[in-house]
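Colleague: Shown below is the structure under consideration.
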Amino acid sequence: MNTKKTVNHPKESVIVIRDLRISFGDLHVLRGVDLDLYQGENLVVLGRSGTGKSVLIKIIAGLLEPDEGTVNVLGEDVSKLKKRELDALRLKLGFSFQNSALYDSMTVRENLEFPLIRNVRNLSRSDIDKAVEQALEDVGLSQTINQMPSQLSGGQRKRIGIARTLILKPEIMLYDEPTAGLDPITSNEINNLINEVQERHNTSSIIITHDLTCAKTVGDRIAMLLDGRFERQGTFEEVFEDSNDERAKQFYEYNFVN
Ligand SMILES: Nc1ncnc2c1ncn2[C@@H]1O[C@H](COP(=O)(O)OP(=O)(O)OP(=O)(O)O)[C@@H](O)[C@H]1O
């Protein structure tokens with residue numbers, strides 16, 4: 001397993017987070033998070049269960065308000081946006097959530113049409129058909145267009161879920177546990193797909209995972225959430241292999257399977 005060859009991206013930030021803090025009662029989840037997502041990079045966010053990775057994503061999407069700190073996404077201060085502006089910004093973010101299930105009663109084509117019809121006005125039938133065909137081609141599953149989700153494997157369903165997100169041409173992709181529950185071969189296909197999406201669409205992505213093979217394969221940069229902050233950031237080697245940090249070592253030993 002090779003570590004991903006990191007591309008030297010120009011350091012233009014598409015997400016800038018500074019001194020972000022949030023507590024739930026006595027539980028101080030994020031305690032001063034600073035993080036940049038650079039244009040065109042895959043940033044992997046690692047952290048043990050309950051460290052606040054999903055909370056972070058929800059704050060980025062404006063679904064949860066932090067107690068302190070700033071979140072700037074594509075040049076907009078999320079906390080200052082009105083509802084309509086926030087909705088417009090969210091359309092530029094693609095969410096690939098673990099539980100973003102397909103609609104079982106709809107064909108693959110109908111599943112992919114759904115976000116388009118709901119979010120984009122004045123599309124002709126042929127625009128919709130083209131977008132669906134392109135999104136399916138992007139994930140290598142053109143042949144499934146008339147199938148029902150129940151006829152697909154877990155890995156194929158995951159790919160169709162990603163296609164459904166890509167169809168709105170997001171500038172930033174947020175992948176939550178993209179390989180959870182998949183066997184190693186299928187996980188590898190999803191990792192390759194994440195890299196292909198980056199290369200083909202120049203998308204900037206945050207990938208939340210516990211899977212260190214995934215982190216190593218897709219991550220241009222790794223940020224590890226420890227005690228409510230990103231104390232360790234860098235390439236996979238910098239975070240794990242060159243590290244004397246016991247917490248990073250422990251995470252590595254428990255999670256690295258390949
Ligand atoms: N709305 C909420 N109200 C109260 N507590 C919350 C809320 N949202 C999250 N928490 C708590 O914040 C902590 C971090 O939760 P979060 O879901 O972000 O963890 P995570 O790092 O994504 O974990 P996992 O890897 O298991 O998904 C947890 O202890 C959770 O119970």
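Please note that chains go A, B, ... in the order of the structure tokens, that every chain numbers its residues from 1, and that ligands are numbered from 1 in the order shown.
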Give me the residues of chain A that have any atom at most 9 Å from an atom of ligand 1; for each, the nearest atom pair and the distance in Å, rounded to one decimal. Use only C-alpha atoms and all ligand atoms, sort by chain and number, and format it as JSON lines.

Modeller:
{"residue": "A:Ile22", "atom": "CA", "partner": "ligand 1", "partner_atom_place_in_ligand_line": "12 (O)", "distance": 8.9}
{"residue": "A:Ser23", "atom": "CA", "partner": "ligand 1", "partner_atom_place_in_ligand_line": "12 (O)", "distance": 7.8}
{"residue": "A:Phe24", "atom": "CA", "partner": "ligand 1", "partner_atom_place_in_ligand_line": "4 (C)", "distance": 5.0}
{"residue": "A:Gly25", "atom": "CA", "partner": "ligand 1", "partner_atom_place_in_ligand_line": "4 (C)", "distance": 7.7}
{"residue": "A:Leu27", "atom": "CA", "partner": "ligand 1", "partner_atom_place_in_ligand_line": "29 (O)", "distance": 7.2}
{"residue": "A:His28", "atom": "CA", "partner": "ligand 1", "partner_atom_place_in_ligand_line": "12 (O)", "distance": 8.1}
{"residue": "A:Val29", "atom": "CA", "partner": "ligand 1", "partner_atom_place_in_ligand_line": "12 (O)", "distance": 5.8}
{"residue": "A:Leu30", "atom": "CA", "partner": "ligand 1", "partner_atom_place_in_ligand_line": "14 (C)", "distance": 8.5}
{"residue": "A:Leu46", "atom": "CA", "partner": "ligand 1", "partner_atom_place_in_ligand_line": "21 (O)", "distance": 8.5}
{"residue": "A:Gly47", "atom": "CA", "partner": "ligand 1", "partner_atom_place_in_ligand_line": "21 (O)", "distance": 6.2}
{"residue": "A:Arg48", "atom": "CA", "partner": "ligand 1", "partner_atom_place_in_ligand_line": "25 (O)", "distance": 5.9}
{"residue": "A:Ser49", "atom": "CA", "partner": "ligand 1", "partner_atom_place_in_ligand_line": "25 (O)", "distance": 3.6}
{"residue": "A:Gly50", "atom": "CA", "partner": "ligand 1", "partner_atom_place_in_ligand_line": "19 (O)", "distance": 3.4}
{"residue": "A:Thr51", "atom": "CA", "partner": "ligand 1", "partner_atom_place_in_ligand_line": "21 (O)", "distance": 3.9}
{"residue": "A:Gly52", "atom": "CA", "partner": "ligand 1", "partner_atom_place_in_ligand_line": "18 (O)", "distance": 3.1}
{"residue": "A:Lys53", "atom": "CA", "partner": "ligand 1", "partner_atom_place_in_ligand_line": "21 (O)", "distance": 3.9}
{"residue": "A:Ser54", "atom": "CA", "partner": "ligand 1", "partner_atom_place_in_ligand_line": "18 (O)", "distance": 3.7}
{"residue": "A:Val55", "atom": "CA", "partner": "ligand 1", "partner_atom_place_in_ligand_line": "18 (O)", "distance": 3.8}
{"residue": "A:Leu56", "atom": "CA", "partner": "ligand 1", "partner_atom_place_in_ligand_line": "18 (O)", "distance": 6.5}
{"residue": "A:Ile57", "atom": "CA", "partner": "ligand 1", "partner_atom_place_in_ligand_line": "18 (O)", "distance": 8.1}
{"residue": "A:Lys58", "atom": "CA", "partner": "ligand 1", "partner_atom_place_in_ligand_line": "18 (O)", "distance": 8.4}
{"residue": "A:Leu64", "atom": "CA", "partner": "ligand 1", "partner_atom_place_in_ligand_line": "1 (N)", "distance": 7.9}
{"residue": "A:Asp176", "atom": "CA", "partner": "ligand 1", "partner_atom_place_in_ligand_line": "27 (O)", "distance": 8.5}
{"residue": "A:Glu177", "atom": "CA", "partner": "ligand 1", "partner_atom_place_in_ligand_line": "27 (O)", "distance": 8.2}
{"residue": "A:Ile208", "atom": "CA", "partner": "ligand 1", "partner_atom_place_in_ligand_line": "22 (O)", "distance": 8.3}
{"residue": "A:Thr209", "atom": "CA", "partner": "ligand 1", "partner_atom_place_in_ligand_line": "25 (O)", "distance": 7.6}
{"residue": "A:His210", "atom": "CA", "partner": "ligand 1", "partner_atom_place_in_ligand_line": "25 (O)", "distance": 7.2}
{"residue": "A:Leu225", "atom": "CA", "partner": "ligand 1", "partner_atom_place_in_ligand_line": "21 (O)", "distance": 8.5}

Colleague: So which residues touch A:Phe95 within 8 Å, counting only C-alpha atoms, skipping near sequence neighbours fewer than 4 positions away, as a list of chain:residue names?

Modeller: A:Thr165, A:Met173, A:Leu174, A:Tyr175, A:Asp176

Colleague: The selected residues should be written to file as a PDB file, in the first residue's frame (atoms: C-alpha atoms).

Modeller:
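Below is the file part.pdb, written as the result:
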ATOM      1  CA  THR A 165     -23.994  14.099  -4.423  1.00  0.00           C
ATOM      2  CA  MET A 173     -17.172  17.255  -0.714  1.00  0.00           C
ATOM      3  CA  LEU A 174     -17.676  16.060   2.838  1.00  0.00           C
ATOM      4  CA  TYR A 175     -17.348  12.304   3.186  1.00  0.00           C
ATOM      5  CA  ASP A 176     -18.383  10.821   6.530  1.00  0.00           C
TER       6      ASP A 176
END

Colleague: Compare A:Gly234, A:Gly155, A:Gly40, A:Gly75 by their minimum atom-to-atom distance to A:Arg200, counting only C-alpha atoms, and give me the closest one.

Modeller: A:Gly40

Colleague: Near A:Glu110, counting only C-alpha atoms, which residues have an atom at most 12 Å away, once you skip same-chain residues fewer than 3 positions from it, shown as a ChimeraX atom specification?

Modeller: /A:102-107,113-118,128-129,132-133,144-149,160,164

Colleague: Using only C-alpha atoms, find the one residue out of A:Arg247, A:Lys11, A:Arg21, A:Lys216 that sits nearest to A:Asp34.

Modeller: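 For A:Asp34, the nearest of the given residues is A:Arg21.
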
Colleague: Find the residues around A:Leu168 up to 9 Å (only C-alpha atoms counted), leave out those fewer than 5 positions away in its own chain, and share them as a PDB file with N, CA and C atoms, in the first residue's frame.

Modeller:
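To be explicit, this is the file written out as around33.pdb:
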ATOM      1  N   LEU A  91     -25.628  24.240  -1.172  1.00  0.00           N
ATOM      2  CA  LEU A  91     -25.669  23.587  -2.489  1.00  0.00           C
ATOM      3  C   LEU A  91     -24.272  23.403  -3.075  1.00  0.00           C
ATOM      4  N   LYS A  92     -23.315  24.186  -2.572  1.00  0.00           N
ATOM      5  CA  LYS A  92     -21.933  24.037  -3.058  1.00  0.00           C
ATOM      6  C   LYS A  92     -21.166  22.983  -2.262  1.00  0.00           C
ATOM      7  N   LEU A  93     -21.823  22.461  -1.220  1.00  0.00           N
ATOM      8  CA  LEU A  93     -21.209  21.404  -0.405  1.00  0.00           C
ATOM      9  C   LEU A  93     -21.896  20.084  -0.726  1.00  0.00           C
ATOM     10  N   GLY A  94     -21.113  19.069  -0.968  1.00  0.00           N
ATOM     11  CA  GLY A  94     -21.698  17.746  -1.223  1.00  0.00           C
ATOM     12  C   GLY A  94     -21.500  16.876  -0.005  1.00  0.00           C
ATOM     13  N   PRO A 115     -32.230  15.030  -6.507  1.00  0.00           N
ATOM     14  CA  PRO A 115     -31.631  16.291  -6.035  1.00  0.00           C
ATOM     15  C   PRO A 115     -31.627  17.382  -7.106  1.00  0.00           C
ATOM     16  N   LEU A 116     -31.512  16.978  -8.360  1.00  0.00           N
ATOM     17  CA  LEU A 116     -31.503  17.973  -9.448  1.00  0.00           C
ATOM     18  C   LEU A 116     -32.846  18.674  -9.538  1.00  0.00           C
ATOM     19  N   ASN A 119     -33.478  20.927  -6.551  1.00  0.00           N
ATOM     20  CA  ASN A 119     -32.603  22.082  -6.278  1.00  0.00           C
ATOM     21  C   ASN A 119     -32.302  22.986  -7.464  1.00  0.00           C
ATOM     22  N   VAL A 120     -32.469  22.481  -8.669  1.00  0.00           N
ATOM     23  CA  VAL A 120     -32.089  23.301  -9.824  1.00  0.00           C
ATOM     24  C   VAL A 120     -33.323  23.557 -10.684  1.00  0.00           C
ATOM     25  N   ALA A 131     -26.982  14.958 -17.181  1.00  0.00           N
ATOM     26  CA  ALA A 131     -26.361  15.050 -15.854  1.00  0.00           C
ATOM     27  C   ALA A 131     -26.347  13.676 -15.178  1.00  0.00           C
TER      28      ALA A 131
END

Colleague: Using only C-alpha atoms, find the one residue out of A:Val45, A:Val108, A:Ile167, A:Leu20 that sits nearest to A:Lys130.

Modeller: A:Ile167

Colleague: For A:Thr203, which residue out of A:Phe97, A:Leu166, A:Val73, A:Leu152 is the nearest one, using only C-alpha atoms?

Modeller: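 Among the listed residues, the smallest separation from A:Thr203 belongs to A:Leu166.
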
Colleague: Would you mind reading off the distance between atom CA of A:Leu212 and atom CA of A:Glu199, one decimal, in Å?

Modeller: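 Distance reported for this atom pair: 21.1 Å.
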
Colleague: For A:Asp138, please output as a ChimeraX atom specification all residues within 9 Å (counting only C-alpha atoms; exclusion window: fewer than 3 positions along the same chain).

Modeller: /A:133-135,141-142,163,166,193,196-197,200

Colleague: Based on DSSP run over this structure's backbone, return all residues of stretch 16-240 of chain A in strand (DSSP E), as a PyMOL selection string.

Modeller: chain A and resi 16-24+27-38+42-46+68-73+76-77+93-96+172-176+204-208+221-226+229-234

Colleague: To one decimal in Å, tell me the separation between atom CA of A:Ser204 and atom CA of A:Leu43.

Modeller: 8.0 Å
